[in-house]
Every structure is written in structure tokens, then in C-alpha cells.
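Engineer: To be precise about what I am sending: the file is called work-v8.tsv and holds TSV, C-alpha atoms.
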chain	number	residue	atom	x	y	z
A	227	MET	CA	0.00	0.00	0.00
A	228	SER	CA	1.46	3.35	-0.99
A	229	LYS	CA	1.79	6.24	1.43
A	230	ASN	CA	-1.03	8.12	-0.27
A	231	GLN	CA	-3.42	5.20	0.09
A	232	LYS	CA	-2.46	4.67	3.72
A	233	ASP	CA	-3.10	8.34	4.45
A	234	ARG	CA	-6.61	8.34	3.01
A	235	SER	CA	-9.02	9.45	5.71
A	236	GLY	CA	-12.72	8.82	6.13
A	237	THR	CA	-13.28	12.31	4.71
A	238	ASP	CA	-11.48	11.42	1.45
A	239	ILE	CA	-13.29	8.10	1.20
A	240	LEU	CA	-16.76	9.55	1.80
A	241	ALA	CA	-16.07	12.31	-0.72
A	242	ASP	CA	-15.09	9.70	-3.32
A	243	VAL	CA	-18.03	7.37	-2.59
A	244	PHE	CA	-20.55	10.21	-2.89
A	245	ALA	CA	-18.83	11.66	-5.97
A	246	TYR	CA	-19.07	8.20	-7.56
A	247	ALA	CA	-22.73	7.66	-6.68
A	248	TYR	CA	-23.90	11.18	-7.59
A	249	GLU	CA	-21.52	11.60	-10.54
A	250	THR	CA	-20.38	15.00	-9.34
A	251	ASP	CA	-17.08	14.93	-11.21
A	252	SER	CA	-18.52	15.22	-14.69
A	253	LEU	CA	-21.34	17.27	-16.16
A	254	PRO	CA	-24.40	15.43	-17.50
A	255	THR	CA	-25.31	15.64	-21.17
A	256	ASP	CA	-28.40	17.63	-22.07
A	257	LYS	CA	-30.37	14.40	-22.50
A	258	GLU	CA	-29.29	13.10	-19.08
A	259	ALA	CA	-30.17	16.45	-17.52
A	260	GLU	CA	-33.63	16.42	-19.10
A	261	GLU	CA	-34.23	12.91	-17.78
A	262	TYR	CA	-32.98	13.81	-14.30
A	263	LEU	CA	-35.14	16.94	-14.06
A	264	ALA	CA	-38.21	15.06	-15.27
A	265	ALA	CA	-37.61	12.14	-12.89
A	266	ASN	CA	-37.26	14.52	-9.96
A	267	LYS	CA	-40.21	16.68	-11.08
A	268	ILE	CA	-38.05	19.80	-11.29
A	269	ASP	CA	-39.43	22.56	-13.48
A	270	ASN	CA	-36.42	24.44	-14.82
A	271	SER	CA	-38.26	26.88	-17.09
A	272	GLU	CA	-38.29	29.74	-14.58
A	273	LEU	CA	-34.52	29.55	-14.17
A	274	GLU	CA	-33.99	29.31	-17.94
A	275	ASN	CA	-36.21	32.35	-18.57
A	276	TRP	CA	-34.35	34.28	-15.90
A	277	GLY	CA	-31.06	33.47	-17.68
A	278	LEU	CA	-32.42	34.54	-21.06
A	279	GLU	CA	-33.63	37.85	-19.63
A	280	LYS	CA	-30.26	38.49	-18.02
A	281	LEU	CA	-28.44	37.70	-21.26
A	282	ARG	CA	-30.72	39.96	-23.30
A	283	ALA	CA	-30.19	42.83	-20.90
A	284	VAL	CA	-26.41	42.41	-21.13
A	285	LYS	CA	-26.53	42.22	-24.94
A	286	ALA	CA	-28.67	45.37	-25.10
A	287	ARG	CA	-26.22	47.20	-22.86
A	288	GLN	CA	-23.31	46.09	-25.06
A	289	LYS	CA	-25.14	47.29	-28.18
A	290	LEU	CA	-25.75	50.70	-26.68
A	291	LYS	CA	-22.14	50.95	-25.64
A	292	ALA	CA	-20.96	50.01	-29.14
A	293	ALA	CA	-23.29	52.61	-30.67
A	294	ALA	CA	-21.94	55.27	-28.34
A	295	VAL	CA	-18.37	54.38	-29.25
A	296	ALA	CA	-19.22	54.45	-32.98
A	297	HIS	CA	-20.84	57.85	-32.61
A	298	GLU	CA	-17.83	59.19	-30.76
A	299	LYS	CA	-15.53	57.95	-33.52
A	300	PHE	CA	-17.71	59.55	-36.14
A	301	THR	CA	-17.78	62.88	-34.35
A	302	ALA	CA	-14.00	62.95	-34.10
A	303	ARG	CA	-13.62	62.14	-37.79
A	304	PHE	CA	-16.30	64.59	-38.82
A	305	GLU	CA	-14.66	67.40	-36.92
A	306	ALA	CA	-11.34	66.62	-38.56
A	307	VAL	CA	-12.89	66.69	-42.04
A	308	LYS	CA	-14.73	69.90	-41.25
A	309	ALA	CA	-11.57	71.56	-40.10
A	310	ARG	CA	-9.69	70.52	-43.22
A	311	ALA	CA	-12.43	71.67	-45.58
A	312	ALA	CA	-13.17	74.86	-43.69
A	313	SER	CA	-11.02	77.01	-45.92
A	314	ASP	CA	-12.67	76.10	-49.24
A	315	LEU	CA	-16.11	75.00	-48.20
A	316	SER	CA	-18.59	75.18	-51.04
A	317	ASP	CA	-22.35	75.20	-50.44
A	318	LEU	CA	-22.59	71.65	-51.70
A	319	ARG	CA	-19.95	70.44	-49.27
A	320	LYS	CA	-21.77	72.17	-46.47
A	321	ARG	CA	-25.04	70.46	-47.38
A	322	VAL	CA	-23.43	67.02	-47.55
A	323	MET	CA	-21.82	67.52	-44.17
A	324	ASP	CA	-25.09	68.63	-42.61
A	325	LYS	CA	-26.72	65.47	-43.92
A	326	LEU	CA	-23.91	63.34	-42.57
A	327	GLN	CA	-24.42	64.88	-39.17
A	328	VAL	CA	-28.13	64.06	-39.27
A	329	LEU	CA	-27.40	60.50	-40.39
A	330	ALA	CA	-24.90	60.07	-37.53
A	331	SER	CA	-27.59	60.56	-34.93
A	332	SER	CA	-29.56	57.57	-36.21
A	333	ASP	CA	-26.85	55.36	-37.76
A	334	PRO	CA	-23.32	56.28	-36.71
A	335	GLU	CA	-21.73	53.31	-38.49
A	336	SER	CA	-23.15	54.21	-41.93
A	337	ALA	CA	-22.34	57.86	-41.29
A	338	MET	CA	-18.73	56.84	-40.67
A	339	VAL	CA	-18.63	55.01	-44.02
A	340	TYR	CA	-20.04	58.02	-45.85
A	341	CYS	CA	-17.69	60.32	-44.02
A	342	ARG	CA	-14.76	58.38	-45.46
A	343	LYS	CA	-16.39	58.41	-48.87
A	344	PHE	CA	-16.89	62.15	-48.59
A	345	GLU	CA	-13.18	62.63	-47.99
A	346	ASP	CA	-12.32	60.68	-51.13
A	347	THR	CA	-15.01	62.10	-53.40
A	348	PRO	CA	-13.94	64.76	-55.90
A	349	GLU	CA	-15.97	67.95	-56.14
A	350	GLU	CA	-17.75	66.85	-59.35
A	351	ASP	CA	-19.17	63.67	-57.72
A	352	LEU	CA	-20.47	65.34	-54.58
A	353	LEU	CA	-24.01	65.65	-55.94
A	354	ASP	CA	-24.22	61.87	-56.35
A	355	LEU	CA	-22.98	61.36	-52.82
A	356	GLU	CA	-25.57	63.78	-51.47
A	357	ALA	CA	-28.32	61.90	-53.29
A	358	GLU	CA	-27.06	58.62	-51.88
A	359	ILE	CA	-27.09	59.93	-48.31
A	360	MET	CA	-30.57	61.37	-48.76
A	361	MET	CA	-31.83	58.05	-50.04
A	362	LEU	CA	-30.35	56.23	-47.07
A	363	ASP	CA	-31.92	58.71	-44.71
A	364	GLU	CA	-35.33	58.25	-46.35
A	365	TRP	CA	-35.12	54.48	-46.11
A	366	GLN	CA	-34.47	54.74	-42.42
A	367	ASP	CA	-37.56	56.87	-41.98
A	368	VAL	CA	-39.81	54.21	-43.54
A	369	PRO	CA	-41.44	52.34	-40.63
A	370	GLU	CA	-40.71	48.58	-40.47
A	371	LYS	CA	-43.65	46.35	-41.39
B	64	MET	CA	-25.13	31.93	-27.49
B	65	SER	CA	-28.57	30.97	-28.77
B	66	ASP	CA	-31.62	30.71	-26.50
B	67	GLU	CA	-31.62	26.92	-26.81
B	68	GLU	CA	-27.92	26.71	-25.94
B	69	LEU	CA	-28.54	28.73	-22.81
B	70	ARG	CA	-31.53	26.60	-21.83
B	71	SER	CA	-29.44	23.46	-22.26
B	72	LEU	CA	-26.59	24.94	-20.22
B	73	PHE	CA	-28.97	25.79	-17.41
B	74	ARG	CA	-30.58	22.33	-17.46
B	75	ARG	CA	-27.18	20.67	-17.16
B	76	LEU	CA	-25.98	22.98	-14.41
B	77	ARG	CA	-29.23	22.79	-12.43
B	78	THR	CA	-29.02	18.99	-12.56
B	79	GLN	CA	-25.42	18.98	-11.46
B	80	ALA	CA	-25.96	21.54	-8.68
B	81	ASP	CA	-28.86	19.40	-7.42
B	82	ARG	CA	-26.68	16.28	-7.45
B	83	LEU	CA	-23.85	18.14	-5.77
B	84	ILE	CA	-26.08	19.26	-2.90
B	85	ALA	CA	-27.50	15.74	-2.53
B	86	SER	CA	-23.99	14.31	-2.48
B	87	LEU	CA	-23.10	16.45	0.51
B	88	SER	CA	-25.68	15.10	2.94
B	89	TRP	CA	-22.85	13.41	4.87
B	90	ARG	CA	-21.34	16.84	5.43
B	91	GLY	CA	-24.38	18.25	7.20
B	92	VAL	CA	-26.24	19.74	4.25
B	93	GLY	CA	-29.98	19.82	4.95
B	94	PRO	CA	-32.17	16.76	4.37
B	95	LYS	CA	-34.19	18.40	1.63
B	96	GLY	CA	-31.11	19.69	-0.13
B	97	GLN	CA	-30.96	23.06	1.56
B	98	MET	CA	-27.58	24.62	1.70
B	99	PRO	CA	-26.44	26.91	4.47
B	100	LYS	CA	-27.66	30.50	4.08
B	101	GLY	CA	-30.63	29.37	2.01
B	102	ASP	CA	-28.74	28.46	-1.17
B	103	THR	CA	-30.54	26.11	-3.56
B	104	ALA	CA	-29.52	24.42	-6.82
B	105	GLU	CA	-31.36	27.21	-8.63
B	106	SER	CA	-29.66	30.05	-6.77
B	107	LEU	CA	-26.26	28.42	-7.26
B	108	VAL	CA	-26.73	28.46	-11.03
B	109	GLN	CA	-27.86	32.09	-10.83
B	110	THR	CA	-24.82	33.06	-8.75
B	111	ALA	CA	-22.44	31.41	-11.24
B	112	PHE	CA	-24.14	33.06	-14.22
B	113	GLU	CA	-24.07	36.49	-12.59
B	114	LYS	CA	-20.36	36.07	-11.90
B	115	ILE	CA	-19.74	35.29	-15.56
B	116	LEU	CA	-21.85	38.24	-16.73
B	117	SER	CA	-20.12	40.61	-14.36
B	118	GLY	CA	-16.80	39.75	-15.98
B	119	ALA	CA	-15.26	36.99	-13.85
B	120	LYS	CA	-12.02	35.90	-15.48
B	121	TRP	CA	-11.57	32.33	-16.67
B	122	ASP	CA	-9.45	30.22	-18.95
B	123	GLU	CA	-11.13	30.74	-22.34
B	124	GLY	CA	-9.98	27.34	-23.54
B	125	LYS	CA	-12.38	25.78	-21.03
B	126	PRO	CA	-16.05	25.21	-21.89
B	127	LEU	CA	-18.38	27.70	-20.20
B	128	ALA	CA	-20.34	24.88	-18.54
B	129	MET	CA	-17.19	23.62	-16.80
B	130	VAL	CA	-16.25	27.12	-15.71
B	131	MET	CA	-19.69	27.73	-14.22
B	132	TYR	CA	-19.67	24.34	-12.52
B	133	GLY	CA	-16.27	25.24	-11.05
B	134	ILE	CA	-17.78	28.41	-9.60
B	135	ILE	CA	-20.71	26.43	-8.16
B	136	ARG	CA	-18.39	23.84	-6.59
B	137	SER	CA	-16.15	26.37	-4.98
B	138	HIS	CA	-19.14	28.32	-3.63
B	139	VAL	CA	-20.63	25.14	-2.18
B	140	THR	CA	-17.32	24.05	-0.65
B	141	ASN	CA	-16.90	27.39	1.10
B	142	ARG	CA	-20.45	27.30	2.44
B	143	VAL	CA	-20.17	23.72	3.69
B	144	ASN	CA	-16.78	24.32	5.31
B	145	SER	CA	-18.12	27.28	7.21
B	146	LEU	CA	-21.19	25.26	8.26
B	147	GLU	CA	-18.96	22.49	9.60
B	148	ASN	CA	-16.85	24.93	11.54
B	149	GLN	CA	-19.99	26.31	13.18
B	150	ASN	CA	-21.43	22.89	14.02
B	151	LEU	CA	-18.38	21.31	15.60
B	152	ALA	CA	-18.46	20.71	19.32
B	153	PRO	CA	-16.02	22.66	21.47
B	154	GLU	CA	-12.68	20.93	21.76
B	155	PRO	CA	-12.37	18.53	24.69
B	156	ARG	CA	-10.39	19.75	27.70
B	157	LEU	CA	-8.33	17.79	30.26
B	158	ARG	CA	-7.05	18.45	33.76
B	159	THR	CA	-3.41	17.27	33.81
B	160	GLU	CA	-2.63	17.67	37.51
B	161	GLU	CA	-4.62	18.09	40.67
B	162	GLY	CA	-5.48	21.75	41.10
B	163	SER	CA	-4.19	22.76	37.69
B	164	GLU	CA	-6.34	24.51	35.09
B	165	ASP	CA	-8.03	22.63	32.23
B	166	VAL	CA	-6.05	22.49	29.01
B	167	SER	CA	-7.10	21.53	25.52
B	168	VAL	CA	-6.73	17.81	24.81
B	169	PHE	CA	-4.72	18.82	21.74
B	170	GLU	CA	-2.09	20.46	23.89
B	171	VAL	CA	-1.61	17.24	25.88
B	172	LEU	CA	-1.90	14.83	22.97
B	173	PRO	CA	-0.71	16.64	19.88
B	174	ASP	CA	-2.02	15.14	16.67
B	175	PRO	CA	0.81	13.49	14.68
B	176	ASP	CA	-0.60	14.79	11.39
B	177	CYS	CA	-0.54	18.36	12.71
B	178	LEU	CA	-4.26	18.82	12.18
B	179	SER	CA	-6.11	21.62	13.89
B	180	PRO	CA	-8.61	20.57	16.59
B	181	VAL	CA	-11.46	21.22	14.19
B	182	GLU	CA	-9.89	19.08	11.45
B	183	PHE	CA	-9.03	16.35	13.92
B	184	LEU	CA	-12.62	16.01	15.17
B	185	GLN	CA	-13.98	16.18	11.64
B	186	ARG	CA	-11.67	13.42	10.49
B	187	ALA	CA	-12.64	11.16	13.38
B	188	GLU	CA	-16.33	11.68	12.61
B	189	ASP	CA	-15.80	10.98	8.90
B	190	ASP	CA	-13.72	7.85	9.59
B	191	GLU	CA	-16.64	6.48	11.57
B	192	LYS	CA	-19.18	7.34	8.87
B	193	ALA	CA	-17.05	5.73	6.16
B	194	LEU	CA	-16.78	2.49	8.12
B	195	GLU	CA	-20.51	2.51	8.84
B	196	LEU	CA	-21.19	2.80	5.14
B	197	LEU	CA	-18.98	-0.18	4.37
B	198	ASP	CA	-20.74	-2.19	7.09
B	199	ASP	CA	-24.13	-1.51	5.47
B	200	PHE	CA	-23.28	-4.10	2.79
B	201	THR	CA	-22.09	-7.69	2.74
B	202	SER	CA	-18.80	-8.50	1.06
B	203	GLU	CA	-20.60	-10.27	-1.83
B	204	GLN	CA	-22.50	-7.16	-2.83
B	205	ALA	CA	-21.20	-4.99	-5.69
B	206	GLU	CA	-21.70	-1.86	-3.55
B	207	TYR	CA	-19.30	-3.31	-0.97
B	208	LYS	CA	-16.77	-4.07	-3.69
B	209	VAL	CA	-16.94	-0.52	-5.02
B	210	ILE	CA	-16.67	1.10	-1.59
B	211	SER	CA	-13.77	-1.10	-0.57
B	212	ALA	CA	-12.06	-0.34	-3.91
B	213	ILE	CA	-12.43	3.35	-3.05
B	214	PHE	CA	-11.04	2.64	0.44
B	215	GLU	CA	-7.99	1.05	-1.11
B	216	GLY	CA	-7.26	3.14	-4.10
B	217	GLY	CA	-9.29	6.30	-4.59
B	218	GLY	CA	-12.22	7.34	-6.73
B	219	LYS	CA	-10.95	7.08	-10.32
B	220	ARG	CA	-13.22	5.02	-12.58
B	221	ALA	CA	-10.45	2.80	-13.97
B	222	GLU	CA	-9.08	2.12	-10.50
B	223	ILE	CA	-12.50	1.22	-9.09
B	224	ILE	CA	-13.24	-1.15	-11.98
B	225	LYS	CA	-9.84	-2.79	-11.67
B	226	ARG	CA	-9.98	-3.23	-7.90
B	227	SER	CA	-13.63	-4.23	-7.63
B	228	GLY	CA	-13.49	-6.73	-10.49
B	229	LEU	CA	-16.80	-5.40	-11.85
B	230	THR	CA	-17.59	-5.03	-15.55
B	231	GLU	CA	-18.31	-1.57	-17.00
B	232	ARG	CA	-21.99	-2.44	-17.01
B	233	GLU	CA	-21.99	-3.60	-13.41
B	234	TYR	CA	-20.05	-0.47	-12.46
B	235	GLU	CA	-22.80	1.76	-13.90
B	236	ALA	CA	-25.62	-0.29	-12.42
B	237	THR	CA	-23.96	-0.27	-8.99
B	238	LYS	CA	-23.64	3.49	-9.18
B	239	LYS	CA	-27.41	3.84	-9.55
B	240	ARG	CA	-28.15	1.35	-6.78
B	241	LEU	CA	-25.71	3.02	-4.42
B	242	ARG	CA	-27.21	6.42	-5.17
B	243	ASN	CA	-30.71	5.12	-4.43
B	244	TYR	CA	-29.43	3.56	-1.23
B	245	LEU	CA	-27.77	6.81	-0.12
B	246	GLU	CA	-30.93	8.75	-0.98
B	247	LYS	CA	-33.06	6.42	1.14
B	248	LYS	CA	-30.57	6.64	3.97
B	249	ARG	CA	-30.65	10.41	3.75
B	250	GLN	CA	-34.44	10.48	3.84
B	251	LYS	CA	-34.48	8.12	6.81
B	252	GLU	CA	-32.02	10.29	8.71
B	253	ALA	CA	-34.03	13.37	7.82
B	254	SER	CA	-37.24	11.89	9.13
B	255	ALA	CA	-35.50	10.75	12.34
B	256	GLN	CA	-34.11	14.26	12.75
B	257	HIS	CA	-37.57	15.68	12.16
B	258	LYS	CA	-39.11	13.43	14.80
B	259	GLU	CA	-36.41	14.38	17.27
B	260	MET	CA	-37.19	18.05	16.68
B	261	GLU	CA	-40.90	17.40	17.28
B	262	VAL	CA	-40.23	15.72	20.61
B	263	LYS	CA	-38.12	18.64	21.82
B	264	PRO	CA	-40.34	21.52	22.84
Have the structure of the file written as C-alpha cells, please.
Structural biologist:
Amino acid sequence: MSKNQKDRSGTDILADVFAYAYETDSLPTDKEAEEYLAANKIDNSELENWGLEKLRAVKARQKLKAAAVAHEKFTARFEAVKARAASDLSDLRKRVMDKLQVLASSDPESAMVYCRKFEDTPEEDLLDLEAEIMMLDEWQDVPEK
Amino acid sequence: MSDEELRSLFRRLRTQADRLIASLSWRGVGPKGQMPKGDTAESLVQTAFEKILSGAKWDEGKPLAMVMYGIIRSHVTNRVNSLENQNLAPEPRLRTEEGSEDVSVFEVLPDPDCLSPVEFLQRAEDDEKALELLDDFTSEQAEYKVISAIFEGGGKRAEIIKRSGLTEREYEATKKRLRNYLEKKRQKEASAQHKEMEVKP
């Protein structure tokens, strides 16, 4: 008999016997769990619904946080573009930027994309870009069916 | 994580928390599966989930179910240890010489394994319970073979099968029988405890 075996106390032995009988060292499969809960007449739906609610609340919080971060990024970029264009701002540029600002309040991620596009668009294509942003804005105003 | 994945996770953890509580009856956990401080299998799952949601750190290579079960186990162990410390009788005291003051028995007879008084008493109590359990069966019964295999070599599946001489099938069947036996024993003890409480005013 090894030293470890000799040193096993009643506490170790009871822990092992109960762990064996109640299978506490490994998790049951979903099927085994369903059978166990049914056999013991345990209704788990309340606990499951509680978990789903908790998870939804966390996801919603994460979404809001991500939206706030996106909006912050947009604002920083927008300000930088505005500053750069300030010296030679045409009316058309001004209009496009106003529309971008409006779009940012409802959809900061798309606004960010258009902001980049705006930077790369030459003067002669600005009208098309304005039309595109207006169309996007209108689509967002259409209520979902 | 989809809704169905979460439901499945919660079913598995609720089952395991319930089994874990039941498996601790020998450590003073309530007869109907109540944990100290009112914890239940349901609240244990909730506690573990809240810890995960509030950003508890874990090894991301490990499945979430195992991580949550780890949280449940450690919570239960802490609760049960503190319950045992509360329930233990005061340490026995001895008078060494005529007229001298009482001293703790542990000061006179120090434990060779350097256990604290609390651990020493707990071990003695558990030794007795383990032997009682073995005596509940005859040496021909598979339950006896499994328990004595655990006495000799620990709780690993392969070791138990090897030492007990049981087949895989017999090993599984014995597990169920032993669990039923322990459940009945627990219920019997609970009802005896209940009667005792009724007699006392």
C-alpha cells in the first residue's frame, strides 16, 4: 500500500463514494439532464427564462455601448474633415456635411462610411454622394412592417 | 449563445448543482437539499451566471459549462466548510494535575498529522461514517466491492473497476443502486431528525 493510500481518511473516502454515486465529477449531457429533471419533477423553465432575460439585458447594454463608441468615432472624424475643408467650403460640401451629421444621430456606423467616402469624393461627384445619403436617410424613416 | 444553448446549459448545471447538494448530505447539508444560508440548486446556477456576466475571469480554452460548474463547486465548498466549523463541538479539555487549570486535549496529545482541533474532530467523525457505510453491505454485494475499492485506491473510474473486479456495465448499475441507497438513507435520517425536533419543545 502506498503512502497516499495509507493516508486516506474517512473524509477522502466519503467524498469519493458520494462523488461516484452522484456523478459529481462530470457534467451530465443535455439528454441526461432532461431525464434527471423530469424524474425529480423539477421545473427548470423559470430559471432558464431568468437566464435569457439576463443575457438579453447584457446584450442590449453592449449594443448601446458600441453605438456610443461608434458615434464618438464619427464625431471625431467629422470634426477633422470639417476643419480641413473649412477654408474652401462650397455650399454643396456644407449640405453634404449637414446630412452626414443628421445620419450620424440615427446610424453612426453608416455615417462613418459616408464620411470616409466624402473625404475621397472629388468635387464633381459630390451631388451623387448627397443623393445617396438622402436616399439612405429616407429608407431609415420608412417604418418597419 | 442561442436561446436553446442557454436553456441546455442551465438544465445541465441545475441537474449537477442538485446532485452536488445531494452528495453532501454526509457533510451536514440539509435533508431536503438546503444549503447553508438558504442556497438552492437554482440560486447556485444564478450566482455562477451572474459572476460570468459581471466579468469573472476564466481560462477561455475551457467550456463555459465547466467554468460555471467550477464556480458552483467552490461556492458550495466554502459554504459547507463554514457550516462544519460552526457545528463542531467545542474541543475537549483535560485536567493534567490536581489543582491545575483545564487544558485543551490537543495540547496534551498533539495530533501526529498536525491537524487543527477542528480538522481532527472532523476526520474522526468521517472515519466512523465511512466504516458505517462499508458495514451496510455484505462482502458479496457490488456496492461493498466498489466502496472497498475506493477505500484502497481512490475514486478514479479505472481504478474502481480494476480493484472491484466489476464489468463496466456492473459499475454503472452499482452506481445507480448506491445512489438510491444513499438517498433512502438520507431520507431516513431526515425523518429521524424531524421526529427528534418534534419531541423537543
Engineer: Quick check: residues of chain B within 6 Å of chain A, all atoms listed in the file, returned as a PyMOL selection string.
Structural biologist: chain B and resi 70-71+74-75+78+82-83+86+189-190+193+214+218+238+241-242
Engineer: Write out as an NGL selection string which residues come within 7 Å of region 107-115 of chain B when counting only C-alpha atoms, dropping same-chain ones fewer than 5 positions away.
Structural biologist: :B and (76-77 or 102 or 131 or 134-135)
Engineer: Report the distance between CA of Glu195 (chain B) and CA of Leu245 (chain B) in Å, rounded to one decimal place.
Structural biologist: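 Computing it gives 12.3 Å between the two atoms.
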Engineer: Please write as a list in words the list of polymer residues whose atoms come within 12 Å of (-17.7, 59.2, -49.3), counting only C-alpha atoms and keeping to the coordinates of the file.
Structural biologist: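 Protein and nucleic acid residues near the point are Phe304, Val307, Arg319, Val322, Met323, Leu326, Ser336, Ala337, Met338, Val339, Tyr340, Cys341, Arg342, Lys343, Phe344, Glu345, Asp346, Thr347, Pro348, Glu349, Asp351, Leu352, Leu353, Asp354, Leu355, Glu356, Ala357, Glu358 and Ile359 of chain A.
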Engineer: Compile the contact shell of Ile224 (chain B) as a PyMOL selection string: residues with an atom at most 12 Å away, counting all atoms listed in the file, same-chain residues fewer than 6 positions apart removed.
Structural biologist: (chain A and resi 246) or (chain B and resi 205-206+208-213+216-218+230-235+237-238)
Engineer: May I ask for the distance between CA of Arg90 (chain B) and CA of Arg226 (chain B), given in Å to one decimal place?
Structural biologist: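 Pair CA of Arg90 (chain B) / CA of Arg226 (chain B) returns 26.6 Å.
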Engineer: CA of Thr140 (chain B) and CA of Leu87 (chain B) are how many Å apart?
Structural biologist: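 If I compute the distance from CA of Thr140 (chain B) to CA of Leu87 (chain B), I get 9.6 Å.
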Engineer: Kindly list the centre and edge lengths in Å, rounded to one decimal, for the axis-aligned box that covers all listed atoms of region 239-253 of chain A plus 8 Å on each of its six sides, as JSON.
Structural biologist:
{"center_x": -18.6, "center_y": 12.3, "center_z": -7.2, "size_x": 26.6, "size_y": 25.9, "size_z": 34.0}
